[in-house]
>>> print(open('start_30.pdb').read())   # PDB, C-alpha atoms and all ligand atoms
ATOM      1  CA  MET A1102      39.804   4.383  37.717
ATOM      2  CA  GLU A1103      42.981   6.134  36.576
ATOM      3  CA  ASN A1104      46.248   4.331  36.036
ATOM      4  CA  PRO A1105      48.565   5.912  38.640
ATOM      5  CA  ALA A1106      51.363   6.045  36.048
ATOM      6  CA  VAL A1107      49.321   7.988  33.455
ATOM      7  CA  ARG A1108      47.342  11.162  33.974
ATOM      8  CA  ASP A1109      44.378  11.245  31.581
ATOM      9  CA  LYS A1110      44.388  14.704  30.061
ATOM     10  CA  ARG A1111      41.462  14.453  27.647
ATOM     11  CA  GLY A1112      39.461  17.629  27.269
ATOM     12  CA  GLY A1113      36.159  15.896  26.475
ATOM     13  CA  LYS A1114      35.424  18.022  23.390
ATOM     14  CA  VAL A1115      35.192  16.668  19.845
ATOM     15  CA  ILE A1116      34.592  18.425  16.544
ATOM     16  CA  PHE A1117      33.851  16.668  13.242
ATOM     17  CA  LEU A1118      35.655  17.858  10.097
ATOM     18  CA  SER A1119      35.213  17.114   6.419
ATOM     19  CA  HIS A1120      38.058  14.828   5.429
ATOM     20  CA  CYS A1121      39.932  17.350   3.267
ATOM     21  CA  CYS A1122      40.102  19.910   6.087
ATOM     22  CA  LEU A1123      42.843  17.610   7.380
ATOM     23  CA  ASN A1124      44.014  16.051   4.133
ATOM     24  CA  GLN A1125      44.040  18.256   1.069
ATOM     25  CA  ASN A1126      45.406  15.366  -0.980
ATOM     26  CA  ALA A1127      41.856  14.037  -1.186
ATOM     27  CA  LYS A1128      40.702  17.022  -3.234
ATOM     28  CA  VAL A1129      40.181  17.076  -6.974
ATOM     29  CA  ARG A1130      43.491  18.071  -8.555
ATOM     30  CA  GLY A1131      43.874  21.814  -9.023
ATOM     31  CA  ILE A1132      41.942  23.089  -5.987
ATOM     32  CA  ALA A1133      44.014  22.098  -2.940
ATOM     33  CA  ARG A1134      44.552  25.398  -1.165
ATOM     34  CA  TYR A1135      47.047  24.042   1.387
ATOM     35  CA  ALA A1136      49.871  21.507   1.235
ATOM     36  CA  GLY A1137      48.429  19.294   3.959
ATOM     37  CA  ALA A1138      45.647  20.487   6.233
ATOM     38  CA  VAL A1139      43.585  23.699   6.239
ATOM     39  CA  THR A1140      46.221  25.326   8.416
ATOM     40  CA  PRO A1141      44.357  28.194  10.138
ATOM     41  CA  LEU A1142      41.419  25.955  11.022
ATOM     42  CA  VAL A1143      43.527  23.110  12.378
ATOM     43  CA  GLU A1144      45.846  25.487  14.266
ATOM     44  CA  LEU A1145      42.810  26.974  16.012
ATOM     45  CA  LEU A1146      41.535  23.529  17.031
ATOM     46  CA  LEU A1147      44.951  22.392  18.268
ATOM     47  CA  GLN A1148      45.356  25.588  20.241
ATOM     48  CA  GLU A1149      41.980  25.075  21.923
ATOM     49  CA  GLY A1150      42.670  21.438  22.787
ATOM     50  CA  VAL A1151      39.731  20.037  20.836
ATOM     51  CA  GLY A1152      39.671  16.450  19.584
ATOM     52  CA  ILE A1153      39.338  16.295  15.792
ATOM     53  CA  TYR A1154      37.271  13.580  14.135
ATOM     54  CA  GLN A1155      38.099  13.290  10.434
ATOM     55  CA  MET A1156      34.999  12.229   8.518
ATOM     56  CA  PRO A1157      35.584   9.981   5.463
ATOM     57  CA  CYS A1158      35.825  11.580   2.023
ATOM     58  CA  PRO A1159      32.724  10.476   0.076
ATOM     59  CA  GLU A1160      34.231  11.374  -3.312
ATOM     60  CA  ASN A1161      37.606   9.715  -2.834
ATOM     61  CA  SER A1162      35.997   6.558  -1.443
ATOM     62  CA  TYR A1163      33.585   6.399  -4.404
ATOM     63  CA  LEU A1164      35.554   7.476  -7.491
ATOM     64  CA  GLY A1165      39.125   7.541  -6.208
ATOM     65  CA  ASN A1166      41.687  10.309  -6.518
ATOM     66  CA  MET A1167      41.826  10.382 -10.329
ATOM     67  CA  ARG A1168      38.322  11.840 -10.629
ATOM     68  CA  TRP A1169      37.196  15.013 -12.414
ATOM     69  CA  GLY A1170      35.602  17.986 -10.701
ATOM     70  CA  MET A1171      31.825  17.504 -10.778
ATOM     71  CA  VAL A1172      28.648  19.419 -10.007
ATOM     72  CA  LYS A1173      26.139  18.374  -7.357
ATOM     73  CA  ASP A1174      23.721  17.097  -9.993
ATOM     74  CA  GLN A1175      26.179  14.440 -11.204
ATOM     75  CA  TYR A1176      26.554  13.027  -7.710
ATOM     76  CA  ASN A1177      22.863  13.368  -6.953
ATOM     77  CA  ASN A1178      21.938   9.801  -7.850
ATOM     78  CA  PRO A1179      20.626   6.947  -5.666
ATOM     79  CA  MET A1180      23.918   5.029  -5.761
ATOM     80  CA  PHE A1181      26.057   7.901  -4.504
ATOM     81  CA  ARG A1182      23.424   8.995  -1.978
ATOM     82  CA  ARG A1183      23.409   5.428  -0.599
ATOM     83  CA  HIS A1184      27.213   5.583  -0.342
ATOM     84  CA  CYS A1185      26.874   8.894   1.530
ATOM     85  CA  ARG A1186      24.173   7.387   3.763
ATOM     86  CA  ARG A1187      26.447   4.521   4.786
ATOM     87  CA  LEU A1188      29.283   6.915   5.615
ATOM     88  CA  ALA A1189      26.947   9.320   7.429
ATOM     89  CA  GLN A1190      25.536   6.509   9.568
ATOM     90  CA  GLU A1191      29.016   5.575  10.756
ATOM     91  CA  VAL A1192      29.882   9.214  11.447
ATOM     92  CA  VAL A1193      26.656   9.806  13.380
ATOM     93  CA  ASP A1194      27.183   6.565  15.323
ATOM     94  CA  GLN A1195      30.442   8.068  16.563
ATOM     95  CA  ALA A1196      28.880  11.417  17.436
ATOM     96  CA  GLU A1197      25.999   9.704  19.242
ATOM     97  CA  ASN A1198      28.368   7.527  21.247
ATOM     98  CA  TYR A1199      30.481  10.506  22.320
ATOM     99  CA  LEU A1200      27.313  12.219  23.548
ATOM    100  CA  GLN A1201      26.178   9.044  25.352
ATOM    101  CA  CYS A1202      29.513   8.969  27.157
ATOM    102  CA  GLY A1203      29.346  12.572  28.336
ATOM    103  CA  TYR A1204      31.597  14.247  25.771
ATOM    104  CA  GLN A1205      30.748  17.547  24.116
ATOM    105  CA  VAL A1206      30.236  17.258  20.357
ATOM    106  CA  LEU A1207      30.933  20.830  19.282
ATOM    107  CA  GLY A1208      29.634  20.458  15.733
ATOM    108  CA  PHE A1209      30.593  19.781  12.130
ATOM    109  CA  VAL A1210      32.875  21.763   9.816
ATOM    110  CA  MET A1211      32.063  21.105   6.161
ATOM    111  CA  MET A1212      33.688  22.354   2.932
ATOM    112  CA  ASP A1213      31.934  25.133   1.030
ATOM    113  CA  GLY A1214      32.223  24.930  -2.749
ATOM    114  CA  SER A1215      32.020  21.143  -2.781
ATOM    115  CA  PRO A1216      29.215  19.320  -4.622
ATOM    116  CA  VAL A1217      29.304  16.818  -1.782
ATOM    117  CA  CYS A1218      30.396  18.525   1.474
ATOM    118  CA  GLY A1219      29.169  22.055   0.711
ATOM    119  CA  LEU A1220      27.041  23.666   3.422
ATOM    120  CA  ASN A1221      26.278  27.147   2.050
ATOM    121  CA  ARG A1222      27.617  26.953  -1.526
ATOM    122  CA  THR A1223      27.658  24.130  -3.999
ATOM    123  CA  PRO A1224      28.381  23.922  -7.764
ATOM    124  CA  ARG A1225      25.463  23.362 -10.148
ATOM    125  CA  PRO A1226      25.171  23.518 -13.964
ATOM    126  CA  LYS A1227      24.897  27.112 -15.200
ATOM    127  CA  ASN A1228      22.120  25.996 -17.509
ATOM    128  CA  PRO A1229      19.725  24.009 -15.308
ATOM    129  CA  GLU A1230      18.114  22.439 -18.415
ATOM    130  CA  GLU A1231      21.390  20.840 -19.495
ATOM    131  CA  LEU A1232      22.251  17.261 -18.564
ATOM    132  CA  TRP A1233      25.916  16.945 -17.571
ATOM    133  CA  GLY A1234      28.239  14.107 -18.530
ATOM    134  CA  GLY A1235      29.966  13.037 -21.702
ATOM    135  CA  MET A1236      33.423  13.363 -23.151
ATOM    136  CA  THR A1237      36.006  15.657 -21.599
ATOM    137  CA  TRP A1238      36.459  17.790 -24.708
ATOM    138  CA  TYR A1239      33.054  19.303 -23.986
ATOM    139  CA  LEU A1240      32.879  21.120 -20.647
ATOM    140  CA  PRO A1241      29.673  22.960 -19.810
ATOM    141  CA  GLU A1242      29.760  25.923 -17.400
ATOM    142  CA  GLN A1243      29.094  25.608 -13.691
ATOM    143  CA  VAL A1244      28.053  28.177 -11.083
ATOM    144  CA  TYR A1245      28.268  28.201  -7.292
ATOM    145  CA  VAL A1246      24.800  28.598  -5.834
ATOM    146  CA  PRO A1247      23.452  28.676  -2.281
ATOM    147  CA  GLY A1248      22.764  25.144  -1.108
ATOM    148  CA  ARG A1249      24.168  21.976   0.385
ATOM    149  CA  GLY A1250      26.087  19.158  -1.239
ATOM    150  CA  ASN A1251      24.842  15.576  -1.239
ATOM    151  CA  PHE A1252      26.804  14.311   1.782
ATOM    152  CA  CYS A1253      25.923  17.372   3.834
ATOM    153  CA  GLU A1254      22.206  16.818   3.135
ATOM    154  CA  VAL A1255      22.365  13.144   4.024
ATOM    155  CA  LEU A1256      24.453  13.786   7.161
ATOM    156  CA  GLN A1257      21.983  16.385   8.429
ATOM    157  CA  GLU A1258      19.048  14.040   7.691
ATOM    158  CA  GLU A1259      20.792  11.302   9.660
ATOM    159  CA  LEU A1260      21.422  13.639  12.613
ATOM    160  CA  GLU A1261      17.832  14.867  12.584
ATOM    161  CA  GLY A1262      16.533  11.293  12.457
ATOM    162  CA  ARG A1263      18.380  10.542  15.681
ATOM    163  CA  GLY A1264      17.329  13.714  17.506
ATOM    164  CA  MET A1265      20.732  15.360  17.051
ATOM    165  CA  GLY A1266      19.669  17.944  14.489
ATOM    166  CA  ASP A1267      20.566  20.880  16.707
ATOM    167  CA  LEU A1268      24.338  20.267  16.518
ATOM    168  CA  PRO A1269      25.923  23.317  14.860
ATOM    169  CA  PHE A1270      27.448  23.391  11.377
ATOM    170  CA  ALA A1271      30.075  25.664   9.825
ATOM    171  CA  ALA A1272      32.096  25.423   6.602
ATOM    172  CA  SER A1273      35.628  26.162   5.481
ATOM    173  CA  PRO A1274      35.683  27.771   1.994
ATOM    174  CA  GLU A1275      37.449  25.903  -0.812
ATOM    175  CA  PHE A1276      38.398  29.288  -2.287
ATOM    176  CA  ASP A1277      37.459  32.960  -2.001
ATOM    177  CA  GLU A1278      34.614  32.780  -4.525
ATOM    178  CA  VAL A1279      32.584  30.628  -2.138
ATOM    179  CA  GLY A1280      33.378  32.179   1.240
ATOM    180  CA  ASN A1281      35.718  34.033   3.517
ATOM    181  CA  MET A1282      38.155  32.146   5.739
ATOM    182  CA  GLU A1283      38.005  34.749   8.515
ATOM    183  CA  ASP A1284      34.205  34.416   8.659
ATOM    184  CA  ALA A1285      34.551  30.641   8.751
ATOM    185  CA  LEU A1286      37.051  30.820  11.617
ATOM    186  CA  ALA A1287      34.741  33.176  13.516
ATOM    187  CA  GLN A1288      31.947  30.614  13.180
ATOM    188  CA  VAL A1289      34.211  27.847  14.415
ATOM    189  CA  ARG A1290      35.315  29.992  17.371
ATOM    190  CA  GLY A1291      31.618  30.371  18.182
ATOM    191  CA  MET A1292      31.249  26.585  18.179
ATOM    192  CA  LEU A1293      34.222  26.307  20.547
ATOM    193  CA  GLY A1294      32.884  29.074  22.787
ATOM    194  CA  VAL A1295      36.006  31.256  22.392
ATOM    195  CA  GLU A1296      36.314  34.806  21.051
TER     196      GLU A1296
HETATM  197  S1  LIG B   1      34.867  18.320   0.083
HETATM  198 FE1  LIG B   1      34.228  16.355   0.910
HETATM  199  S2  LIG B   1      34.049  15.009  -0.843
HETATM  200 FE2  LIG B   1      35.246  16.791  -1.516
HETATM  201  S3  LIG B   1      37.379  16.215  -1.189
HETATM  202 FE3  LIG B   1      36.690  17.228   0.672
HETATM  203  S4  LIG B   1      35.998  15.577   2.006
HETATM  204 FE4  LIG B   1      36.116  14.770  -0.064
END
>>> encode(input="start_30.pdb", output="structure tokens")
Amino acid sequence: MENPAVRDKRGGKVIFLSHCCLNQNAKVRGIARYAGAVTPLVELLLQEGVGIYQMPCPENSYLGNMRWGMVKDQYNNPMFRRHCRRLAQEVVDQAENYLQCGYQVLGFVMMDGSPVCGLNRTPRPKNPEELWGGMTWYLPEQVYVPGRGNFCEVLQEELEGRGMGDLPFAASPEFDEVGNMEDALAQVRGMLGVE
């Protein structure tokens, strides 16, 4: 029943974004590409009238904002994976409930280049034999390799476990080395069903 004084204008479409797509302040210092949000991505979503669900930032809610840049291997431990699992369960609860209530969940936009939210590219130690960690005056080399970050893996496992594994995924690139923004926007347009 609608309130006669208010016309409900909701479009019934929701897309899930990695936290830093909307808040670049969450990123490790030195790699925020935008002042606030990933502007071209968010402009597209606003223009198309899509509801935006901001997923929590697993890194910021685990180590805080004063953390160093890390590789996937450093986060790939049971404690951090459990943290990701808890966050993913809450995110998937929301997606499941939107579907139960007849909304369209258009998909998930992750962050390529992240050890945690990467979908297609994630940083790993250049020398796979080397254990990372130690004092900051020794920095080993990292490389971006094909693969998912820890949160992305756990999120997709959680979706699959609930029969929602066919929801589409795309990723915004942290920088040019890990992907092309135009390609990412084309993928998101595909999720929205617009050219
Ligand atoms: S990529 Fe993921 S973990 Fe990294 S800052 Fe963005 S939301 Fe946080």
>>> residues_around(input="start_30.pdb", residues="A:Ala1127", least_positions_apart="2", cutoff="9 Å", atoms="all atoms listed in the file", output="number ranges by chain")
A: 1120-1121, 1124-1125, 1129-1130, 1133, 1158, 1160-1161, 1165-1166
>>> closest_residue(input="start_30.pdb", among="A:Asp1284, A:Glu1296, A:Glu1242, A:Asp1194", to="A:Gly1262", atoms="all atoms listed in the file")
A:Asp1194
>>> residues_near_ligand(input="start_30.pdb", ligand="ligand LIG 1 (chain B)", cutoff="10 Å", atoms="all atoms listed in the file", output="ChimeraX atom specification")
/A:1118-1130,1132-1133,1155-1163,1165-1166,1170-1171,1185,1211-1219,1250-1253,1273-1275
>>> atom_distance(input="start_30.pdb", atom1="atom CA of A:Val1289", atom2="atom CA of A:Asn1198")
22.2 Å
>>> closest_residue(input="start_30.pdb", among="A:Leu1256, A:Val1295, A:Val1279, A:Ala1285", to="A:Arg1183", atoms="all atoms listed in the file")
A:Leu1256
>>> closest_residue(input="start_30.pdb", among="A:Thr1237, A:Gln1195, A:Gln1190, A:Asn1221", to="A:Val1115", atoms="all atoms listed in the file")
A:Gln1195
>>> closest_residue(input="start_30.pdb", among="A:Pro1179, A:Gly1235, A:Pro1269, A:Gly1280", to="A:Thr1223", atoms="all atoms listed in the file")
A:Gly1280
>>> resolve_selection(input="start_30.pdb", expression="the PyMOL selection byres (((chain A and resi 1205) around 8) and not hetatm)", output="list in words")
Gly1113, Lys1114, Val1115, Tyr1199, Leu1200, Gly1203, Tyr1204, Val1206 and Leu1207 of chain A
>>> write_last_selection(input="start_30.pdb", atoms="C-alpha atoms", output="mmCIF file, keeping the file's coordinate frame")
data_model
loop_
_atom_site.group_PDB
_atom_site.id
_atom_site.type_symbol
_atom_site.label_atom_id
_atom_site.label_comp_id
_atom_site.auth_asym_id
_atom_site.auth_seq_id
_atom_site.Cartn_x
_atom_site.Cartn_y
_atom_site.Cartn_z
ATOM 1 C CA GLY A 1113 36.159 15.896 26.475
ATOM 2 C CA LYS A 1114 35.424 18.022 23.390
ATOM 3 C CA VAL A 1115 35.192 16.668 19.845
ATOM 4 C CA TYR A 1199 30.481 10.506 22.320
ATOM 5 C CA LEU A 1200 27.313 12.219 23.548
ATOM 6 C CA GLY A 1203 29.346 12.572 28.336
ATOM 7 C CA TYR A 1204 31.597 14.247 25.771
ATOM 8 C CA VAL A 1206 30.236 17.258 20.357
ATOM 9 C CA LEU A 1207 30.933 20.830 19.282
#
>>> build_atoms(input="start_30.pdb", residues="stretch 1261-1277 of chain A", atoms="N, CA, C and O atoms", output="mmCIF file, keeping the file's coordinate frame")
data_model
loop_
_atom_site.group_PDB
_atom_site.id
_atom_site.type_symbol
_atom_site.label_atom_id
_atom_site.label_comp_id
_atom_site.auth_asym_id
_atom_site.auth_seq_id
_atom_site.Cartn_x
_atom_site.Cartn_y
_atom_site.Cartn_z
ATOM 1 N N GLU A 1261 19.214 14.524 12.194
ATOM 2 C CA GLU A 1261 17.832 14.867 12.584
ATOM 3 C C GLU A 1261 17.061 13.611 12.968
ATOM 4 O O GLU A 1261 16.320 13.603 13.952
ATOM 5 N N GLY A 1262 17.242 12.543 12.193
ATOM 6 C CA GLY A 1262 16.533 11.293 12.457
ATOM 7 C C GLY A 1262 16.858 10.703 13.820
ATOM 8 O O GLY A 1262 16.100 9.918 14.365
ATOM 9 N N ARG A 1263 17.985 11.085 14.364
ATOM 10 C CA ARG A 1263 18.380 10.542 15.681
ATOM 11 C C ARG A 1263 18.264 11.586 16.787
ATOM 12 O O ARG A 1263 18.827 11.438 17.862
ATOM 13 N N GLY A 1264 17.536 12.693 16.481
ATOM 14 C CA GLY A 1264 17.329 13.714 17.506
ATOM 15 C C GLY A 1264 18.567 14.534 17.801
ATOM 16 O O GLY A 1264 18.698 15.115 18.876
ATOM 17 N N MET A 1265 19.500 14.603 16.840
ATOM 18 C CA MET A 1265 20.732 15.360 17.051
ATOM 19 C C MET A 1265 20.827 16.525 16.052
ATOM 20 O O MET A 1265 21.919 17.012 15.750
ATOM 21 N N GLY A 1266 19.697 16.930 15.549
ATOM 22 C CA GLY A 1266 19.669 17.944 14.489
ATOM 23 C C GLY A 1266 20.060 19.331 14.942
ATOM 24 O O GLY A 1266 20.207 20.229 14.110
ATOM 25 N N ASP A 1267 20.206 19.529 16.253
ATOM 26 C CA ASP A 1267 20.566 20.880 16.707
ATOM 27 C C ASP A 1267 22.080 21.070 16.828
ATOM 28 O O ASP A 1267 22.541 22.146 17.215
ATOM 29 N N LEU A 1268 22.878 20.071 16.481
ATOM 30 C CA LEU A 1268 24.338 20.267 16.518
ATOM 31 C C LEU A 1268 24.735 21.292 15.451
ATOM 32 O O LEU A 1268 24.244 21.241 14.326
ATOM 33 N N PRO A 1269 25.616 22.237 15.795
ATOM 34 C CA PRO A 1269 25.923 23.317 14.860
ATOM 35 C C PRO A 1269 26.807 22.899 13.686
ATOM 36 O O PRO A 1269 27.610 21.967 13.804
ATOM 37 N N PHE A 1270 26.658 23.608 12.586
ATOM 38 C CA PHE A 1270 27.448 23.391 11.377
ATOM 39 C C PHE A 1270 28.144 24.685 10.969
ATOM 40 O O PHE A 1270 27.584 25.772 11.115
ATOM 41 N N ALA A 1271 29.351 24.551 10.451
ATOM 42 C CA ALA A 1271 30.075 25.664 9.825
ATOM 43 C C ALA A 1271 30.762 25.074 8.598
ATOM 44 O O ALA A 1271 30.699 23.863 8.363
ATOM 45 N N ALA A 1272 31.407 25.935 7.791
ATOM 46 C CA ALA A 1272 32.096 25.423 6.602
ATOM 47 C C ALA A 1272 33.339 26.238 6.319
ATOM 48 O O ALA A 1272 33.341 27.465 6.442
ATOM 49 N N SER A 1273 34.393 25.537 5.949
ATOM 50 C CA SER A 1273 35.628 26.162 5.481
ATOM 51 C C SER A 1273 35.469 26.381 3.968
ATOM 52 O O SER A 1273 34.988 25.483 3.275
ATOM 53 N N PRO A 1274 35.850 27.549 3.440
ATOM 54 C CA PRO A 1274 35.683 27.771 1.994
ATOM 55 C C PRO A 1274 36.804 27.141 1.176
ATOM 56 O O PRO A 1274 37.975 27.274 1.527
ATOM 57 N N GLU A 1275 36.433 26.480 0.082
ATOM 58 C CA GLU A 1275 37.449 25.903 -0.812
ATOM 59 C C GLU A 1275 38.307 27.000 -1.427
ATOM 60 O O GLU A 1275 39.488 26.821 -1.650
ATOM 61 N N PHE A 1276 37.685 28.128 -1.758
ATOM 62 C CA PHE A 1276 38.398 29.288 -2.287
ATOM 63 C C PHE A 1276 37.544 30.524 -2.074
ATOM 64 O O PHE A 1276 36.385 30.422 -1.627
ATOM 65 N N ASP A 1277 38.115 31.710 -2.388
ATOM 66 C CA ASP A 1277 37.459 32.960 -2.001
ATOM 67 C C ASP A 1277 36.090 33.156 -2.644
ATOM 68 O O ASP A 1277 35.224 33.815 -2.076
#
